[in-house]
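Step one of this worksheet: look at the structure below.
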Amino acid sequence: MDSADTQAKGDQPETAFHNIDHYLAIPRVSGLALSPDGKRLVTTVTTLNSKGTEFASALWELDPSGRNHARRITRSSKGEAGAVFAANGDLYFTSARPDPESPDADPVNALWMLPADGGEARVVHSRSGGVASVMAAKDAHATFVNAEVLAGSTDEENDEERRKARKDNKVSAILHSGYPVRYWDADLGPAEPRIFAVEQGDEEPGGKPSTVDATAPLKLRNLTPGVGGSLRESKTVVSPDGKTIYTSITKALAKADSREVLAAVDVATGTVKVLLDHDAMSYFPGPVSPDNKTLVVQSESDTTPHQAPQVKLHLLNVAVGETTDLEPLAHQWDRWPNPLAWLPDGSAVLATADDDGASPVFRVNVADGSVTRVTNDAAAYTDVVVSPDGSAAYALRSSYEFPAEAVRIDLASGEVLRLQAPAERPVFKGKLERVETTAEDGSRVPAYLALPEEASTANPAPLLLWIHGGPLGSWNAWTWRWNPWLLVARGYAVLLPDPALSTGYGQEFIQRGWGEWGKKPFADLMAITDAVVARPDIDQSRTAAMGGSFGGYMANWVAGQTDRFKAIVTHASLWALDQFGPTTDAAQYWLKEMTVEMAMENSPHLNVGNIKTPMLVIHGDKDYRVPIGEGLRLWYELLSSSGLPADENGQSPHRFLYFPDENHWVLQPQHAKIWYGVVEHFLARQVLGKDVALPEELGV
């Protein structure tokens, strides 16, 4: 990303954001697990390998009191993830690192355990199909895993034999009988997800003699053998006593439609019982109360061409033999809550929700549904867990000023303490402001504005309008993929607005743009852009627009509606809505809003002849959410039909950055480096009139 005149090779950059290699090397924190006694807190830290070609993760232990330094507790080239504490304090996780007891075996994502009383981590169960994730009961010695089996396998041994046969015979064909067949970047089938109980196995007759360090074998008991592929998108929770697993199950409907129903899995018998199944509504389990009697349920209504979804919380009595009606919880709260944890006394549930450019922690009182904001900073909180005595919660917190970091929240005062972390916060040069304007219909249009330090009336900064994806989302948390400070380090101001359809401003704010993507959201984006370019520290003659996914759709729409911008960058973008709707991996969702009429009124491809702005198109071939056909058609029609003619040599100012092995996101570190490098090159040429070298690795 560095041009020759701004950063010589080998020089120390001013900040990590002035050099993409240094930026990629910043440690990334994710996930949080608290031991049942509240004395141990574990997170996952992802770092770049020495060659700069891959990311690897490791588990780190943090001091919940904040007094002691963080320490690394696992180490392997394959990395570790998904840490979960068992009731006895043992720490389970998944890893594909080689098993020391079987060094010649093919690496597979296996279940590992780090004993509570110390010692080295060891494999406790490995299977040819791997282990996707692990769960544990809080108050009982009960551990469970999510793992896939071939649909027709009779048992684990048969599953291993059939997998080997497919591999040896180089068979990759998949026969489908339902929908969907793809998900984000994965081809679904022939394996299907199941929930297994991890249990004590029996010593095989004639087995090896016991030794002083021998460990009893473990086996997996399939709790959901008859559910088919309906657990692919499930949300699953375990009751504190380990007797019941609550999960969402995808119910297939006519015409390739589906919805999520709520089911309970009895661990002792493996019986699966559907608890909630209603037309036009999906249900997802939240946390289970400490006394195992009450389940928090999150509902989401089906969309229609004219009605946006609504997300609500409920309480379900699961202690009685027959389930009772759902009890509404905080339905007066005009936000989309995500329930995360009960307080130990059962009086309230902690939840997060997008809220005016943040995602705070809220306390929802169970008795009366009243909602109290706990954290008061402009930050986004995730992975909330509660201390055993209920006095504190732990969470990951981020904002546009710092990436995710572990914190301790005093639940009485709301005071937040940053825990000692594996790495310090990365330093950037610039400032962040909260700005807003008023739309034509009187609605407030808020945004964040990231500015370089040198931006002033005497030195106005060029502006980049960055449009978020979703579209049901908000700019409120740190992002590694669309990080504004990398472009701020190059002298740009970056505008991050929340137009109509954004979450965190109430149901009506979402409804304003429903079914009319090219109207209210577009008008809001132009209104906030007008307000910001009127500032004396912004150069209104040098502007560009960027976006990915829905943000890419909107960038394409902007290109066909106005030529006010010098350049437009569109990543993984929707171009022809009539084509996108039936070919995306989740057509059953999008086509509920995207009628034929809506597609024709809001499809960017119909305005290709109006496009007079140079565009950089970016797409990955493995993107199933926005299939590559969108990018290919956009590219061809830009060259053949846009209003920006080629020069006398037939060359167009448009560019197409294509990743054959990336998906909706650009995940490989060297590809991320190229992504930012090409974006900087394109913007510098079109917006600044400067020549910044392309990454050498492109070979052009």
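If you're wondering about the labels, chains in the structure tokens are A, B, ... by order shown, residues count from 1 in each chain, ligands from 1 in order shown.
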
If you take only C-alpha atoms and a cut-off of 12 Å, which residues of stretch 528-557 of chain A touch stretch 494-498 of chain A, and what are their nearest atom pairs and distances in Å to one decimal, in chain and number order, as CSV?
```
residue,atom,partner,partner_atom,distance
A:Ile528,CA,A:Pro497,CA,7.3
A:Thr529,CA,A:Leu495,CA,7.9
A:Asp530,CA,A:Leu495,CA,11.4
A:Ala531,CA,A:Leu495,CA,11.0
A:Val532,CA,A:Leu495,CA,8.3
A:Val533,CA,A:Leu495,CA,10.2
A:Ile538,CA,A:Val494,CA,10.3
A:Thr543,CA,A:Val494,CA,9.9
A:Ala544,CA,A:Val494,CA,9.7
A:Ala545,CA,A:Leu495,CA,9.4
A:Met546,CA,A:Val494,CA,10.0
A:Gly547,CA,A:Leu496,CA,10.2
A:Gly551,CA,A:Pro497,CA,10.9
```

Let's have the selection written as an mmCIF file, in the first residue's frame, with N, CA and C atoms.
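Contents of the output file out-v1.cif:
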```cif
data_model
loop_
_atom_site.group_PDB
_atom_site.id
_atom_site.type_symbol
_atom_site.label_atom_id
_atom_site.label_comp_id
_atom_site.auth_asym_id
_atom_site.auth_seq_id
_atom_site.Cartn_x
_atom_site.Cartn_y
_atom_site.Cartn_z
ATOM 1 N N ILE A 528 -26.173 13.539 4.088
ATOM 2 C CA ILE A 528 -25.054 13.628 5.024
ATOM 3 C C ILE A 528 -23.771 13.998 4.293
ATOM 4 N N THR A 529 -23.630 13.560 3.039
ATOM 5 C CA THR A 529 -22.460 13.968 2.256
ATOM 6 C C THR A 529 -22.489 15.470 2.003
ATOM 7 N N ASP A 530 -23.655 15.999 1.648
ATOM 8 C CA ASP A 530 -23.781 17.445 1.432
ATOM 9 C C ASP A 530 -23.385 18.216 2.685
ATOM 10 N N ALA A 531 -23.843 17.742 3.838
ATOM 11 C CA ALA A 531 -23.547 18.438 5.087
ATOM 12 C C ALA A 531 -22.057 18.420 5.396
ATOM 13 N N VAL A 532 -21.391 17.311 5.138
ATOM 14 C CA VAL A 532 -19.980 17.192 5.482
ATOM 15 C C VAL A 532 -19.089 17.943 4.497
ATOM 16 N N VAL A 533 -19.402 17.903 3.196
ATOM 17 C CA VAL A 533 -18.542 18.615 2.242
ATOM 18 C C VAL A 533 -18.691 20.123 2.388
ATOM 19 N N ILE A 538 -13.076 20.076 4.650
ATOM 20 C CA ILE A 538 -13.312 19.030 3.652
ATOM 21 C C ILE A 538 -13.271 19.644 2.260
ATOM 22 N N THR A 543 -13.859 13.906 -3.950
ATOM 23 C CA THR A 543 -14.646 12.961 -3.166
ATOM 24 C C THR A 543 -14.775 11.630 -3.906
ATOM 25 N N ALA A 544 -14.991 10.575 -3.140
ATOM 26 C CA ALA A 544 -15.213 9.241 -3.696
ATOM 27 C C ALA A 544 -16.212 8.519 -2.812
ATOM 28 N N ALA A 545 -16.855 7.481 -3.366
ATOM 29 C CA ALA A 545 -17.800 6.647 -2.614
ATOM 30 C C ALA A 545 -17.339 5.201 -2.660
ATOM 31 N N MET A 546 -17.516 4.480 -1.546
ATOM 32 C CA MET A 546 -17.083 3.091 -1.436
ATOM 33 C C MET A 546 -18.116 2.294 -0.658
ATOM 34 N N GLY A 547 -18.189 0.992 -0.941
ATOM 35 C CA GLY A 547 -19.065 0.136 -0.164
ATOM 36 C C GLY A 547 -18.882 -1.315 -0.530
ATOM 37 N N GLY A 551 -23.490 -2.252 0.790
ATOM 38 C CA GLY A 551 -22.779 -1.002 0.545
ATOM 39 C C GLY A 551 -22.263 -0.930 -0.878
#
```

Could you find all residues in stretch 118-344 of chain A that DSSP calls helix (DSSP H, G or I) from the backbone, and write them as a ChimeraX atom specification? /A:156-168,254-256

Dump as a PDB file, in the first residue's frame, selection limited to C-alpha atoms:
```pdb
ATOM      1  CA  GLU A 156     -19.054 -43.035  13.680  1.00  0.00           C
ATOM      2  CA  GLU A 157     -17.140 -46.020  12.281  1.00  0.00           C
ATOM      3  CA  ASN A 158     -19.367 -46.162   9.218  1.00  0.00           C
ATOM      4  CA  ASP A 159     -19.034 -42.413   8.758  1.00  0.00           C
ATOM      5  CA  GLU A 160     -15.254 -42.684   8.736  1.00  0.00           C
ATOM      6  CA  GLU A 161     -15.341 -45.513   6.183  1.00  0.00           C
ATOM      7  CA  ARG A 162     -17.649 -43.619   3.850  1.00  0.00           C
ATOM      8  CA  ARG A 163     -15.587 -40.441   4.082  1.00  0.00           C
ATOM      9  CA  LYS A 164     -12.451 -42.376   3.220  1.00  0.00           C
ATOM     10  CA  ALA A 165     -14.186 -43.970   0.230  1.00  0.00           C
ATOM     11  CA  ARG A 166     -15.224 -40.565  -1.156  1.00  0.00           C
ATOM     12  CA  LYS A 167     -11.716 -39.221  -0.652  1.00  0.00           C
ATOM     13  CA  ASP A 168      -9.931 -42.243  -2.137  1.00  0.00           C
ATOM     14  CA  ALA A 254     -43.098 -25.239   0.335  1.00  0.00           C
ATOM     15  CA  LYS A 255     -41.556 -23.319  -2.572  1.00  0.00           C
ATOM     16  CA  ALA A 256     -38.003 -23.565  -1.168  1.00  0.00           C
TER      17      ALA A 256
END
```

Which residues come within 9 Å of stretch 608-621 of chain A, counting only C-alpha atoms, excluding same-chain residues fewer than 6 positions away, as an MDAnalysis selection string? chainID A and resid 548 556 558:573 627:632 634:635 637:638 641:645 652:666 675 678:679 682 686

Could those residues be written to a file, using C-alpha atoms, as an mmCIF file, in the first residue's frame?
```cif
data_model
loop_
_atom_site.group_PDB
_atom_site.id
_atom_site.type_symbol
_atom_site.label_atom_id
_atom_site.label_comp_id
_atom_site.auth_asym_id
_atom_site.auth_seq_id
_atom_site.Cartn_x
_atom_site.Cartn_y
_atom_site.Cartn_z
ATOM 1 C CA GLY A 548 -19.203 -3.643 0.163
ATOM 2 C CA ASN A 556 -23.442 0.983 -7.809
ATOM 3 C CA VAL A 558 -24.903 6.066 -6.550
ATOM 4 C CA ALA A 559 -22.824 5.657 -9.719
ATOM 5 C CA GLY A 560 -25.966 5.548 -11.850
ATOM 6 C CA GLN A 561 -27.663 8.488 -10.123
ATOM 7 C CA THR A 562 -24.945 11.130 -9.824
ATOM 8 C CA ASP A 563 -21.519 12.016 -11.163
ATOM 9 C CA ARG A 564 -20.589 14.094 -8.131
ATOM 10 C CA PHE A 565 -17.838 11.656 -7.082
ATOM 11 C CA LYS A 566 -14.431 11.340 -8.715
ATOM 12 C CA ALA A 567 -14.270 7.561 -8.144
ATOM 13 C CA ILE A 568 -16.383 4.689 -6.836
ATOM 14 C CA VAL A 569 -15.140 1.436 -5.282
ATOM 15 C CA THR A 570 -17.682 -1.405 -5.194
ATOM 16 C CA HIS A 571 -16.852 -4.654 -3.398
ATOM 17 C CA ALA A 572 -18.917 -7.894 -3.502
ATOM 18 C CA SER A 573 -21.770 -5.825 -4.832
ATOM 19 C CA PRO A 627 -22.445 -14.612 -6.477
ATOM 20 C CA ILE A 628 -19.590 -13.844 -8.837
ATOM 21 C CA GLY A 629 -22.113 -13.428 -11.663
ATOM 22 C CA GLU A 630 -22.964 -10.021 -10.183
ATOM 23 C CA GLY A 631 -19.360 -8.857 -10.493
ATOM 24 C CA LEU A 632 -18.853 -10.387 -13.929
ATOM 25 C CA LEU A 634 -21.192 -5.457 -13.746
ATOM 26 C CA TRP A 635 -17.717 -5.530 -15.271
ATOM 27 C CA GLU A 637 -21.711 -3.846 -18.741
ATOM 28 C CA LEU A 638 -19.413 -1.114 -17.447
ATOM 29 C CA SER A 641 -22.627 0.135 -21.902
ATOM 30 C CA SER A 642 -21.566 2.751 -19.332
ATOM 31 C CA GLY A 643 -21.517 6.441 -20.131
ATOM 32 C CA LEU A 644 -17.755 6.602 -19.649
ATOM 33 C CA PRO A 645 -16.166 5.901 -23.046
ATOM 34 C CA SER A 652 -11.314 2.126 -19.945
ATOM 35 C CA PRO A 653 -10.653 3.897 -16.629
ATOM 36 C CA HIS A 654 -12.719 1.200 -14.903
ATOM 37 C CA ARG A 655 -10.841 -1.613 -13.143
ATOM 38 C CA PHE A 656 -11.758 -5.115 -11.924
ATOM 39 C CA LEU A 657 -9.872 -6.695 -9.002
ATOM 40 C CA TYR A 658 -10.745 -10.393 -9.039
ATOM 41 C CA PHE A 659 -9.898 -12.954 -6.328
ATOM 42 C CA PRO A 660 -10.343 -16.556 -7.572
ATOM 43 C CA ASP A 661 -10.116 -18.077 -4.070
ATOM 44 C CA GLU A 662 -11.675 -15.422 -1.804
ATOM 45 C CA ASN A 663 -15.276 -15.197 -0.682
ATOM 46 C CA HIS A 664 -17.579 -12.371 0.440
ATOM 47 C CA TRP A 665 -14.668 -11.138 2.518
ATOM 48 C CA VAL A 666 -10.980 -10.975 1.693
ATOM 49 C CA TRP A 675 -6.994 -5.087 -1.713
ATOM 50 C CA VAL A 678 -5.234 -1.417 -5.365
ATOM 51 C CA VAL A 679 -7.843 0.757 -3.637
ATOM 52 C CA PHE A 682 -7.193 3.739 -7.839
ATOM 53 C CA GLN A 686 -8.870 9.377 -9.796
#
```

Identify which of the residues A:Ala461, A:Ile20, A:Val134, A:Leu525 lies closest to A:Trp480, counting only C-alpha atoms when measuring atom-to-atom distances. A:Ile20

Could you check the closest approach to A:Thr143 for each of A:Leu59, A:Val265, A:Leu114, A:Val238 and tell me which residue wins, using only C-alpha atoms?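 Between A:Leu59, A:Val265, A:Leu114, A:Val238, the residue approaching A:Thr143 most closely is A:Val238.
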
A:Tyr381 environment, 9 Å, only C-alpha atoms, sequence neighbours closer than 4 positions dropped, as a PyMOL selection string: chain A and resi 352-353+358-361+375+395-399+404+477

With C-alpha atoms retained, could you export that selection as a short mmCIF file (atom, residue, chain, number, x, y, z; two decimals), in the first residue's frame?
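So selection17.cif came out as:
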```
data_model
loop_
_atom_site.label_atom_id
_atom_site.label_comp_id
_atom_site.auth_asym_id
_atom_site.auth_seq_id
_atom_site.Cartn_x
_atom_site.Cartn_y
_atom_site.Cartn_z
CA THR A 352 -26.69 -5.80 23.76
CA ALA A 353 -28.37 -3.80 21.01
CA ALA A 358 -22.89 2.18 19.69
CA SER A 359 -23.87 -1.28 20.94
CA PRO A 360 -24.04 -0.97 24.73
CA VAL A 361 -24.80 -3.51 27.42
CA THR A 375 -22.40 0.96 29.72
CA ALA A 395 -17.03 -8.48 27.63
CA LEU A 396 -15.13 -7.54 24.51
CA ARG A 397 -15.41 -3.85 23.68
CA SER A 398 -14.48 -1.99 20.51
CA SER A 399 -15.18 1.27 18.72
CA ALA A 404 -11.77 -5.46 20.46
CA ALA A 477 -17.64 -1.32 15.97
#
```

Within 12 Å of stretch 67-70 of chain A, counting only C-alpha atoms, which residues show up once you throw out same-chain ones fewer than 3 positions away? Write them as a PyMOL selection string, please. chain A and resi 40-45+59-64+73+405-406+408+417-424

How far is it from atom CA of A:Ala58 to atom CA of A:Gly31, in Å with one decimal?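 According to the coordinates, atom CA of A:Ala58 and atom CA of A:Gly31 are separated by 11.3 Å.
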
Which value, in Å to one decimal, gives the distance between atom CA of A:Leu694 and atom CA of A:Ala489? 17.5 Å

Can you tell me, as a PyMOL selection string, what residues are no more than 9 Å from A:Ser443 when counting only C-alpha atoms, ignoring any on the same chain fewer than 5 positions away? chain A and resi 437-438+509+524

Go ahead and save the residues from that selection, with N, CA and C atoms, as a PDB file, in the first residue's frame.
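The new file selection-v3.pdb reads:
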```
ATOM      1  N   THR A 437     -27.075  15.139  10.092  1.00  0.00           N
ATOM      2  CA  THR A 437     -27.846  16.122   9.350  1.00  0.00           C
ATOM      3  C   THR A 437     -29.305  15.701   9.408  1.00  0.00           C
ATOM      4  N   THR A 438     -30.168  16.463   8.759  1.00  0.00           N
ATOM      5  CA  THR A 438     -31.592  16.158   8.727  1.00  0.00           C
ATOM      6  C   THR A 438     -32.006  15.846   7.296  1.00  0.00           C
ATOM      7  N   PHE A 509     -37.013   3.785  11.589  1.00  0.00           N
ATOM      8  CA  PHE A 509     -35.838   4.160  10.805  1.00  0.00           C
ATOM      9  C   PHE A 509     -35.490   3.050   9.817  1.00  0.00           C
ATOM     10  N   ASP A 524     -30.597   9.769   2.077  1.00  0.00           N
ATOM     11  CA  ASP A 524     -29.890  10.010   3.340  1.00  0.00           C
ATOM     12  C   ASP A 524     -28.386  10.140   3.123  1.00  0.00           C
TER      13      ASP A 524
END
```

Report the closest atom pair, with its distance in Å rounded to one decimal, for each residue of stretch 344-401 of chain A that has an atom no farther than 6 Å from stretch 501-505 of chain A; count only C-alpha atoms, sort by chain and then rising residue number, and write it as a Markdown table.
```
| residue | atom | partner | partner_atom | distance |
| --- | --- | --- | --- | --- |
| A:Asp354 | CA | A:Gly504 | CA | 4.2 |
| A:Asp355 | CA | A:Gly504 | CA | 3.9 |
| A:Asp356 | CA | A:Gly504 | CA | 5.2 |
```

Using only C-alpha atoms, which protein or nucleic acid residues come within 7 Å of A:His141? Drop anything in the same chain fewer than 4 positions from it, and give the result as a PyMOL selection string. chain A and resi 86-88+137
